$ cat target-v3.tsv   # TSV, C-alpha atoms
chain	number	residue	atom	x	y	z
A	14	MET	CA	0.00	0.00	0.00
A	15	THR	CA	1.38	3.39	-0.95
A	16	GLY	CA	0.45	7.04	-0.87
A	17	ALA	CA	-2.09	8.60	1.45
A	18	ALA	CA	-3.78	5.21	1.88
A	19	ALA	CA	-0.63	3.93	3.58
A	20	HIS	CA	-0.58	6.74	6.14
A	21	PRO	CA	-3.08	9.60	6.49
A	22	ARG	CA	-0.39	12.23	7.10
A	23	LEU	CA	1.91	11.10	4.30
A	24	VAL	CA	2.74	13.61	1.58
A	25	PRO	CA	2.81	11.32	-1.48
A	26	LEU	CA	5.94	11.92	-3.54
A	27	GLY	CA	7.59	9.85	-6.24
A	28	GLY	CA	11.14	10.14	-4.93
A	29	MET	CA	10.60	10.29	-1.16
A	30	MET	CA	8.99	7.53	0.89
A	31	ASN	CA	8.61	9.01	4.34
A	32	PHE	CA	7.59	12.67	3.98
A	33	ARG	CA	4.93	13.24	6.65
A	34	ASP	CA	3.02	16.08	8.25
A	35	LEU	CA	3.35	16.25	12.04
A	36	GLY	CA	-0.09	17.84	12.07
A	37	GLY	CA	-3.30	16.01	12.88
A	38	ILE	CA	-1.91	14.12	15.89
A	39	PRO	CA	-4.29	14.08	18.90
A	40	LEU	CA	-3.23	16.06	21.96
A	41	GLN	CA	-3.91	15.36	25.61
A	42	GLY	CA	-6.95	17.33	26.67
A	43	GLY	CA	-8.33	17.57	23.14
A	44	GLY	CA	-7.41	19.08	19.83
A	45	GLN	CA	-4.70	18.07	17.38
A	46	THR	CA	-1.31	19.30	16.30
A	47	ALA	CA	-1.50	21.96	13.61
A	48	ARG	CA	-1.40	20.74	10.02
A	49	GLY	CA	1.00	22.09	7.45
A	50	ARG	CA	3.39	23.62	9.99
A	51	VAL	CA	6.04	20.94	10.60
A	52	PHE	CA	7.08	18.07	8.35
A	53	ARG	CA	9.46	15.14	8.85
A	54	ALA	CA	11.05	13.23	6.00
A	55	ASP	CA	13.71	11.03	4.48
A	56	ALA	CA	16.52	12.30	2.25
A	57	PRO	CA	15.48	14.39	-0.77
A	58	HIS	CA	18.12	13.24	-3.26
A	59	ARG	CA	15.62	11.23	-5.35
A	60	MET	CA	13.08	14.01	-5.66
A	61	THR	CA	11.54	14.51	-9.08
A	62	GLU	CA	10.60	17.87	-10.58
A	63	GLY	CA	7.00	17.09	-9.66
A	64	ASP	CA	8.05	16.33	-6.09
A	65	LEU	CA	9.86	19.65	-5.84
A	66	ALA	CA	6.80	21.51	-7.07
A	67	ALA	CA	4.61	19.69	-4.53
A	68	VAL	CA	7.02	20.48	-1.70
A	69	GLU	CA	7.37	24.12	-2.75
A	70	ALA	CA	3.58	24.37	-2.50
A	71	LEU	CA	3.95	23.66	1.23
A	72	THR	CA	5.64	27.10	1.57
A	73	LEU	CA	8.68	25.83	3.43
A	74	ALA	CA	10.56	28.57	5.25
A	75	CYS	CA	13.17	26.33	6.88
A	76	VAL	CA	14.70	22.97	5.97
A	77	ILE	CA	17.04	21.25	8.43
A	78	ASP	CA	19.21	18.42	7.13
A	79	LEU	CA	20.21	16.29	10.12
A	80	ARG	CA	22.73	14.21	8.18
A	81	GLY	CA	26.49	14.51	8.47
A	82	ALA	CA	28.19	16.91	6.08
A	83	GLU	CA	29.56	14.07	3.94
A	84	GLU	CA	26.17	12.35	3.79
A	85	ALA	CA	24.52	15.57	2.69
A	86	ALA	CA	27.19	16.25	0.07
A	87	GLU	CA	26.98	12.74	-1.39
A	88	ALA	CA	23.19	12.86	-1.81
A	89	PRO	CA	22.22	16.54	-1.81
A	90	GLY	CA	18.86	16.81	-3.56
A	91	PRO	CA	17.25	20.07	-4.74
A	92	LEU	CA	16.05	21.57	-1.46
A	93	ARG	CA	19.29	23.38	-0.65
A	94	ASP	CA	19.16	25.41	-3.85
A	95	ALA	CA	15.40	25.90	-3.60
A	96	LEU	CA	15.52	27.23	-0.02
A	97	GLY	CA	18.77	29.19	-0.11
A	98	ALA	CA	19.27	30.83	3.29
A	99	GLY	CA	16.42	28.75	4.69
A	100	TRP	CA	18.41	25.50	4.33
A	101	HIS	CA	20.55	24.36	7.26
A	102	ASN	CA	22.81	21.35	7.79
A	103	VAL	CA	23.06	20.42	11.47
A	104	PRO	CA	24.62	16.94	11.88
A	105	LEU	CA	22.82	15.25	14.75
A	106	LEU	CA	25.43	12.49	14.92
A	107	ALA	CA	29.20	12.82	14.84
A	108	ALA	CA	29.56	9.30	13.39
A	109	LEU	CA	27.30	6.53	12.09
A	110	ASP	CA	29.29	3.68	13.67
A	111	PRO	CA	27.25	2.06	16.49
A	112	ALA	CA	30.44	1.70	18.53
A	113	SER	CA	30.61	5.50	18.72
A	114	TRP	CA	27.38	5.63	20.72
A	115	GLY	CA	27.74	2.43	22.72
A	116	GLY	CA	25.28	0.50	20.60
A	117	ALA	CA	27.48	-2.52	19.99
A	118	ALA	CA	26.91	-3.84	23.52
A	119	SER	CA	23.27	-2.79	23.87
A	120	ASP	CA	20.17	-4.97	23.79
A	121	ASP	CA	18.57	-2.20	21.69
A	122	VAL	CA	21.08	-0.49	19.44
A	123	LEU	CA	18.63	2.19	18.34
A	124	LEU	CA	17.64	3.07	21.89
A	125	SER	CA	21.35	3.57	22.60
A	126	LEU	CA	21.55	5.89	19.59
A	127	TYR	CA	18.56	7.97	20.70
A	128	LEU	CA	19.86	8.32	24.26
A	129	HIS	CA	23.30	9.22	22.87
A	130	VAL	CA	21.67	12.14	21.06
A	131	LEU	CA	20.05	13.30	24.32
A	132	THR	CA	23.23	13.07	26.36
A	133	ASP	CA	26.12	13.66	23.98
A	134	ARG	CA	24.71	15.74	21.10
A	135	GLN	CA	22.91	18.40	23.11
A	136	GLU	CA	24.50	21.38	21.36
A	137	ALA	CA	23.47	20.14	17.91
A	138	LEU	CA	20.01	19.17	19.14
A	139	ALA	CA	19.49	22.59	20.72
A	140	GLU	CA	20.53	24.24	17.43
A	141	VAL	CA	17.96	22.19	15.51
A	142	LEU	CA	15.19	23.07	17.94
A	143	ARG	CA	16.08	26.76	17.92
A	144	LEU	CA	15.91	26.81	14.14
A	145	ILE	CA	12.41	25.35	14.34
A	146	ALA	CA	11.33	27.76	17.07
A	147	GLU	CA	12.69	30.80	15.24
A	148	ALA	CA	11.54	29.90	11.71
A	149	PRO	CA	9.34	32.53	10.04
A	150	PRO	CA	5.80	31.87	11.31
A	151	GLU	CA	4.23	32.25	7.88
A	152	GLY	CA	6.17	29.28	6.50
A	153	ALA	CA	6.48	25.59	7.31
A	154	VAL	CA	9.49	23.69	8.66
A	155	LEU	CA	10.93	20.42	7.36
A	156	PHE	CA	13.58	18.34	9.09
A	157	HIS	CA	14.99	15.14	7.63
A	158	CYS	CA	17.86	12.66	7.75
A	159	THR	CA	18.45	9.68	5.45
A	160	ALA	CA	15.52	7.35	6.12
A	161	GLY	CA	13.52	9.81	8.22
A	162	LYS	CA	13.60	7.34	11.08
A	163	ASP	CA	16.26	7.79	13.76
A	164	ARG	CA	17.68	11.31	13.90
A	165	THR	CA	14.39	12.60	12.54
A	166	GLY	CA	12.51	10.36	14.98
A	167	VAL	CA	14.26	11.82	18.02
A	168	VAL	CA	13.46	15.40	16.99
A	169	ALA	CA	9.85	14.50	16.18
A	170	ALA	CA	9.39	12.71	19.51
A	171	LEU	CA	10.70	15.69	21.48
A	172	LEU	CA	8.46	18.11	19.59
A	173	LEU	CA	5.37	15.96	20.05
A	174	ALA	CA	6.10	15.37	23.73
A	175	LEU	CA	6.52	19.10	24.29
A	176	ALA	CA	3.28	19.79	22.42
A	177	GLY	CA	1.39	17.40	24.70
A	178	ALA	CA	0.80	14.41	22.44
A	179	PRO	CA	-0.01	11.19	24.35
A	180	GLU	CA	2.84	8.71	24.52
A	181	GLU	CA	1.14	6.13	22.30
A	182	GLU	CA	0.57	8.76	19.59
A	183	ILE	CA	4.30	9.52	19.61
A	184	VAL	CA	5.03	5.79	19.43
A	185	ALA	CA	2.61	5.42	16.53
A	186	ASP	CA	4.22	8.29	14.63
A	187	TYR	CA	7.65	6.72	15.10
A	188	SER	CA	6.66	3.18	14.15
A	189	ALA	CA	4.78	4.38	11.04
A	190	THR	CA	8.17	4.62	9.32
A	191	ALA	CA	8.61	0.84	9.03
A	192	PRO	CA	6.02	0.09	6.32
A	193	LEU	CA	6.77	3.31	4.46
A	194	ILE	CA	10.47	2.59	4.01
A	195	ALA	CA	10.13	-1.18	3.54
A	196	PRO	CA	11.36	-0.97	-0.10
A	197	LEU	CA	14.42	1.00	1.01
A	198	VAL	CA	15.18	-1.50	3.78
A	199	ALA	CA	14.92	-4.40	1.32
A	200	GLU	CA	17.31	-2.59	-1.04
A	201	ILE	CA	19.84	-2.00	1.74
A	202	LEU	CA	19.69	-5.61	2.92
A	203	ASP	CA	20.16	-6.84	-0.66
A	204	ARG	CA	23.28	-4.68	-1.00
A	205	ILE	CA	24.63	-6.06	2.27
A	206	ARG	CA	23.93	-9.61	1.11
A	207	ALA	CA	25.62	-8.95	-2.25
A	208	ARG	CA	28.79	-7.92	-0.41
A	209	GLY	CA	28.91	-11.31	1.29
A	210	ARG	CA	27.87	-10.00	4.70
A	211	ALA	CA	25.09	-11.30	6.90
A	212	PRO	CA	22.07	-8.96	6.66
A	213	GLU	CA	20.80	-10.19	10.03
A	214	ALA	CA	23.58	-8.28	11.79
A	215	HIS	CA	22.41	-5.01	10.26
A	216	ALA	CA	18.65	-5.55	10.39
A	217	PRO	CA	18.16	-4.09	13.92
A	218	LEU	CA	19.47	-0.73	12.69
A	219	LEU	CA	16.73	-0.62	10.07
A	220	GLU	CA	13.79	-1.23	12.40
A	221	SER	CA	11.40	1.20	14.07
A	222	ARG	CA	9.90	-0.97	16.81
A	223	PRO	CA	7.26	0.59	19.06
A	224	GLU	CA	9.04	-0.73	22.14
A	225	THR	CA	12.18	1.24	21.28
A	226	MET	CA	10.27	4.52	21.31
A	227	ARG	CA	8.40	3.54	24.48
A	228	ARG	CA	11.73	2.97	26.24
A	229	PHE	CA	13.09	6.24	24.88
A	230	LEU	CA	10.08	8.18	26.17
A	231	ALA	CA	10.35	6.44	29.54
A	232	ALA	CA	14.00	7.52	29.77
A	233	LEU	CA	13.10	11.07	28.73
A	234	ARG	CA	10.52	11.18	31.50
A	235	GLU	CA	12.38	9.33	34.26
A	236	GLU	CA	15.97	10.46	33.67
A	237	PHE	CA	15.45	13.95	32.27
A	238	GLY	CA	12.12	15.02	33.77
A	239	GLY	CA	10.21	15.09	30.49
A	240	ALA	CA	10.50	17.16	27.32
A	241	GLU	CA	10.00	20.57	28.94
A	242	ALA	CA	12.66	20.01	31.59
A	243	TYR	CA	15.06	18.41	29.14
A	244	LEU	CA	14.86	21.26	26.64
A	245	SER	CA	15.39	23.75	29.45
A	246	SER	CA	18.44	21.79	30.60
A	247	ILE	CA	20.09	22.01	27.16
A	248	GLY	CA	19.66	25.76	27.07
A	249	LEU	CA	16.36	26.47	25.34
A	250	THR	CA	14.73	29.50	26.92
A	251	GLY	CA	11.11	29.70	27.93
A	252	ALA	CA	10.44	31.85	24.87
A	253	GLU	CA	12.07	29.28	22.59
A	254	ARG	CA	10.08	26.45	24.12
A	255	ALA	CA	6.92	28.51	23.72
A	256	GLY	CA	7.88	29.07	20.08
A	257	LEU	CA	8.12	25.33	19.52
A	258	ARG	CA	4.72	24.76	21.08
A	259	ALA	CA	3.19	27.60	19.08
A	260	ARG	CA	4.37	25.99	15.86
A	261	LEU	CA	2.69	22.68	16.66
A	262	VAL	CA	-0.28	23.58	18.85
A	263	PRO	CA	-3.12	25.59	17.26
A	264	SER	CA	-3.98	28.71	19.23
A	265	SER	CA	-7.47	27.34	19.88
A	266	SER	CA	-6.09	24.15	21.51

$ encode --input "target-v3.tsv" --output "structure tokens"
Amino acid sequence: MTGAAAHPRLVPLGGMMNFRDLGGIPLQGGGQTARGRVFRADAPHRMTEGDLAAVEALTLACVIDLRGAEEAAEAPGPLRDALGAGWHNVPLLAALDPASWGGAASDDVLLSLYLHVLTDRQEALAEVLRLIAEAPPEGAVLFHCTAGKDRTGVVAALLLALAGAPEEEIVADYSATAPLIAPLVAEILDRIRARGRAPEAHAPLLESRPETMRRFLAALREEFGGAEAYLSSIGLTGAERAGLRARLVPSSS
């Protein structure tokens, strides 16, 4: 199943599999996150001309590429040229090797990655969130990595938690990636297999299991005091946190 039928908040594009609106997610106490204000996505390097036109119609004011500089240079896509000064590259990871974030010895390598971002990549994470908070209010914001799953998933989870989305809604948003990027995962595993390596060793890195996000949110709550306290601890001011909420929460909510 593809397109909007696969996920109600999916923006159907020919060259991107996981471009989704963070709007329309239920909030605690009623209401939903605002539509058309914040988008999450995979890498844009396969975008077609039609895709670019569709994305430009979203009136993006800010695009944040969470990939490393080399990743972004190897697969740039058209958004950098289209956005100009509104395009930003903020690497959310210093390295992609699981050993660099302690994942090799973990029972959940992706959970280790997400917690590594919270504890060891605070400066980069704060920069990303400030860019979102300070983006021109008349335009939308897009943040993306390669698959739109891990680095993107951490940022999305923090935004939704701050906005007041119930935990299971955040989990559902995270785990929605799996069916959307299934063709990409199959392609990656085939390449690994063709190189004579065991795909099973790499498969956990390509998952988006609900339990991983549940454990991440539990750690955010129990170890950091929740999204509000965590963002304050990494230097976001009250005004910046209010700016993030204002982008996602309709004024009537």

$ atom_distance --input "target-v3.tsv" --atom1 "CA of Arg206 in chain A" --atom2 "CA of Met30 in chain A"
22.7 Å

$ closest_residue --input "target-v3.tsv" --among "A:Thr165, A:Thr132, A:Ser113, A:Ser188" --to "Ser246 in chain A" --atoms "all atoms listed in the file"
A:Thr132

$ closest_residue --input "target-v3.tsv" --among "A:Pro104, A:Pro57, A:Pro21, A:Gly44" --to "Arg134 in chain A" --atoms "only C-alpha atoms"
A:Pro104

$ atom_distance --input "target-v3.tsv" --atom1 "CA of Asp78 in chain A" --atom2 "CA of His101 in chain A"
6.1 Å

$ closest_residue --input "target-v3.tsv" --among "A:Gly99, A:Gly49, A:Gly37, A:Gly152" --to "Leu73 in chain A" --atoms "only C-alpha atoms"
A:Gly152

$ closest_residue --input "target-v3.tsv" --among "A:Ala185, A:Ala207, A:Ala108, A:Leu171" --to "Phe237 in chain A" --atoms "only C-alpha atoms"
A:Leu171

$ residues_around --input "target-v3.tsv" --residues "Leu172 in chain A" --least-positions-apart "6" --cutoff "10 Å" --atoms "all atoms listed in the file" --output "list in words"
Leu35, Val51, Leu142, Ile145, Gly166, Ala178, Ile183, Ala240, Glu241, Arg254, Leu257, Arg258, Arg260 and Leu261 of chain A

$ closest_residue --input "target-v3.tsv" --among "A:Ala153, A:Leu23, A:Leu71, A:Val103" --to "Leu138 in chain A" --atoms "only C-alpha atoms"
A:Val103

$ decode --input "target-v3.tsv" --residues "range 57-106 of chain A" --atoms "N, CA and C atoms" --output "compact mmCIF listing (two decimals), in the first residue's frame"
# COMPACT_ATOMS: atom_id res chain seq x y z
N PRO A 57 16.16 13.89 0.43
CA PRO A 57 15.48 14.39 -0.77
C PRO A 57 16.23 14.15 -2.08
N HIS A 58 17.27 13.32 -2.07
CA HIS A 58 18.12 13.24 -3.26
C HIS A 58 17.45 12.57 -4.46
N ARG A 59 16.33 11.87 -4.24
CA ARG A 59 15.62 11.23 -5.35
C ARG A 59 14.38 12.01 -5.78
N MET A 60 14.25 13.21 -5.31
CA MET A 60 13.08 14.01 -5.66
C MET A 60 12.99 14.26 -7.16
N THR A 61 11.79 14.17 -7.69
CA THR A 61 11.54 14.51 -9.08
C THR A 61 11.15 15.99 -9.18
N GLU A 62 11.04 16.48 -10.41
CA GLU A 62 10.60 17.87 -10.58
C GLU A 62 9.18 18.05 -10.02
N GLY A 63 8.35 17.02 -10.21
CA GLY A 63 7.00 17.09 -9.66
C GLY A 63 7.01 17.11 -8.15
N ASP A 64 7.92 16.33 -7.55
CA ASP A 64 8.05 16.33 -6.09
C ASP A 64 8.43 17.72 -5.59
N LEU A 65 9.40 18.33 -6.27
CA LEU A 65 9.86 19.65 -5.84
C LEU A 65 8.73 20.66 -5.90
N ALA A 66 7.94 20.59 -6.96
CA ALA A 66 6.80 21.51 -7.07
C ALA A 66 5.80 21.28 -5.94
N ALA A 67 5.55 20.01 -5.61
CA ALA A 67 4.61 19.69 -4.53
C ALA A 67 5.13 20.19 -3.19
N VAL A 68 6.43 20.04 -2.96
CA VAL A 68 7.02 20.48 -1.70
C VAL A 68 7.07 22.00 -1.64
N GLU A 69 7.36 22.65 -2.74
CA GLU A 69 7.37 24.12 -2.75
C GLU A 69 5.99 24.68 -2.43
N ALA A 70 4.95 23.93 -2.79
CA ALA A 70 3.58 24.37 -2.50
C ALA A 70 3.29 24.36 -1.00
N LEU A 71 4.12 23.69 -0.22
CA LEU A 71 3.95 23.66 1.23
C LEU A 71 4.48 24.94 1.88
N THR A 72 5.07 25.82 1.10
CA THR A 72 5.64 27.10 1.57
C THR A 72 6.64 26.89 2.71
N LEU A 73 7.65 26.07 2.43
CA LEU A 73 8.68 25.83 3.43
C LEU A 73 9.51 27.10 3.65
N ALA A 74 9.71 27.44 4.90
CA ALA A 74 10.56 28.57 5.25
C ALA A 74 11.90 28.11 5.80
N CYS A 75 11.96 26.85 6.23
CA CYS A 75 13.17 26.33 6.88
C CYS A 75 13.26 24.84 6.63
N VAL A 76 14.42 24.40 6.13
CA VAL A 76 14.70 22.97 5.97
C VAL A 76 15.96 22.66 6.75
N ILE A 77 15.90 21.64 7.60
CA ILE A 77 17.04 21.25 8.43
C ILE A 77 17.45 19.84 8.06
N ASP A 78 18.64 19.71 7.51
CA ASP A 78 19.21 18.42 7.13
C ASP A 78 20.03 17.91 8.31
N LEU A 79 19.58 16.82 8.91
CA LEU A 79 20.21 16.29 10.12
C LEU A 79 21.37 15.34 9.82
N ARG A 80 21.66 15.12 8.55
CA ARG A 80 22.73 14.21 8.18
C ARG A 80 24.10 14.85 8.39
N GLY A 81 25.13 13.99 8.42
CA GLY A 81 26.49 14.51 8.47
C GLY A 81 26.81 15.26 7.19
N ALA A 82 27.84 16.09 7.24
CA ALA A 82 28.19 16.91 6.08
C ALA A 82 28.51 16.05 4.86
N GLU A 83 29.22 14.94 5.07
CA GLU A 83 29.56 14.07 3.94
C GLU A 83 28.32 13.40 3.37
N GLU A 84 27.43 12.94 4.25
CA GLU A 84 26.17 12.35 3.79
C GLU A 84 25.39 13.34 2.93
N ALA A 85 25.28 14.55 3.41
CA ALA A 85 24.52 15.57 2.69
C ALA A 85 25.15 15.90 1.35
N ALA A 86 26.50 15.92 1.31
CA ALA A 86 27.19 16.25 0.07
C ALA A 86 27.07 15.13 -0.96
N GLU A 87 27.05 13.88 -0.48
CA GLU A 87 26.98 12.74 -1.39
C GLU A 87 25.59 12.58 -2.01
N ALA A 88 24.56 13.00 -1.32
CA ALA A 88 23.19 12.86 -1.81
C ALA A 88 22.42 14.14 -1.50
N PRO A 89 22.73 15.23 -2.21
CA PRO A 89 22.22 16.54 -1.81
C PRO A 89 20.74 16.80 -2.08
N GLY A 90 20.25 16.48 -3.24
CA GLY A 90 18.86 16.81 -3.56
C GLY A 90 18.69 18.29 -3.86
N PRO A 91 17.49 18.70 -4.27
CA PRO A 91 17.25 20.07 -4.74
C PRO A 91 16.84 21.08 -3.68
N LEU A 92 16.61 20.65 -2.45
CA LEU A 92 16.05 21.57 -1.46
C LEU A 92 17.03 22.67 -1.05
N ARG A 93 18.31 22.36 -1.05
CA ARG A 93 19.29 23.38 -0.65
C ARG A 93 19.23 24.57 -1.60
N ASP A 94 19.22 24.31 -2.89
CA ASP A 94 19.16 25.41 -3.85
C ASP A 94 17.80 26.10 -3.81
N ALA A 95 16.74 25.32 -3.59
CA ALA A 95 15.40 25.90 -3.60
C ALA A 95 15.17 26.81 -2.40
N LEU A 96 15.76 26.46 -1.26
CA LEU A 96 15.52 27.23 -0.02
C LEU A 96 16.54 28.33 0.21
N GLY A 97 17.74 28.18 -0.33
CA GLY A 97 18.77 29.19 -0.11
C GLY A 97 19.11 29.34 1.36
N ALA A 98 18.92 30.55 1.89
CA ALA A 98 19.27 30.83 3.29
C ALA A 98 18.40 30.06 4.27
N GLY A 99 17.30 29.51 3.80
CA GLY A 99 16.42 28.75 4.69
C GLY A 99 16.84 27.30 4.87
N TRP A 100 17.93 26.89 4.22
CA TRP A 100 18.41 25.50 4.33
C TRP A 100 19.56 25.46 5.33
N HIS A 101 19.53 24.48 6.22
CA HIS A 101 20.55 24.36 7.26
C HIS A 101 20.99 22.90 7.38
N ASN A 102 22.28 22.69 7.53
CA ASN A 102 22.81 21.35 7.79
C ASN A 102 23.33 21.31 9.22
N VAL A 103 22.65 20.55 10.07
CA VAL A 103 23.06 20.42 11.47
C VAL A 103 23.21 18.93 11.75
N PRO A 104 24.43 18.38 11.66
CA PRO A 104 24.62 16.94 11.88
C PRO A 104 24.23 16.55 13.31
N LEU A 105 23.27 15.66 13.42
CA LEU A 105 22.82 15.25 14.75
C LEU A 105 23.66 14.12 15.31
N LEU A 106 24.48 13.51 14.46
CA LEU A 106 25.43 12.49 14.92
C LEU A 106 26.82 12.86 14.43
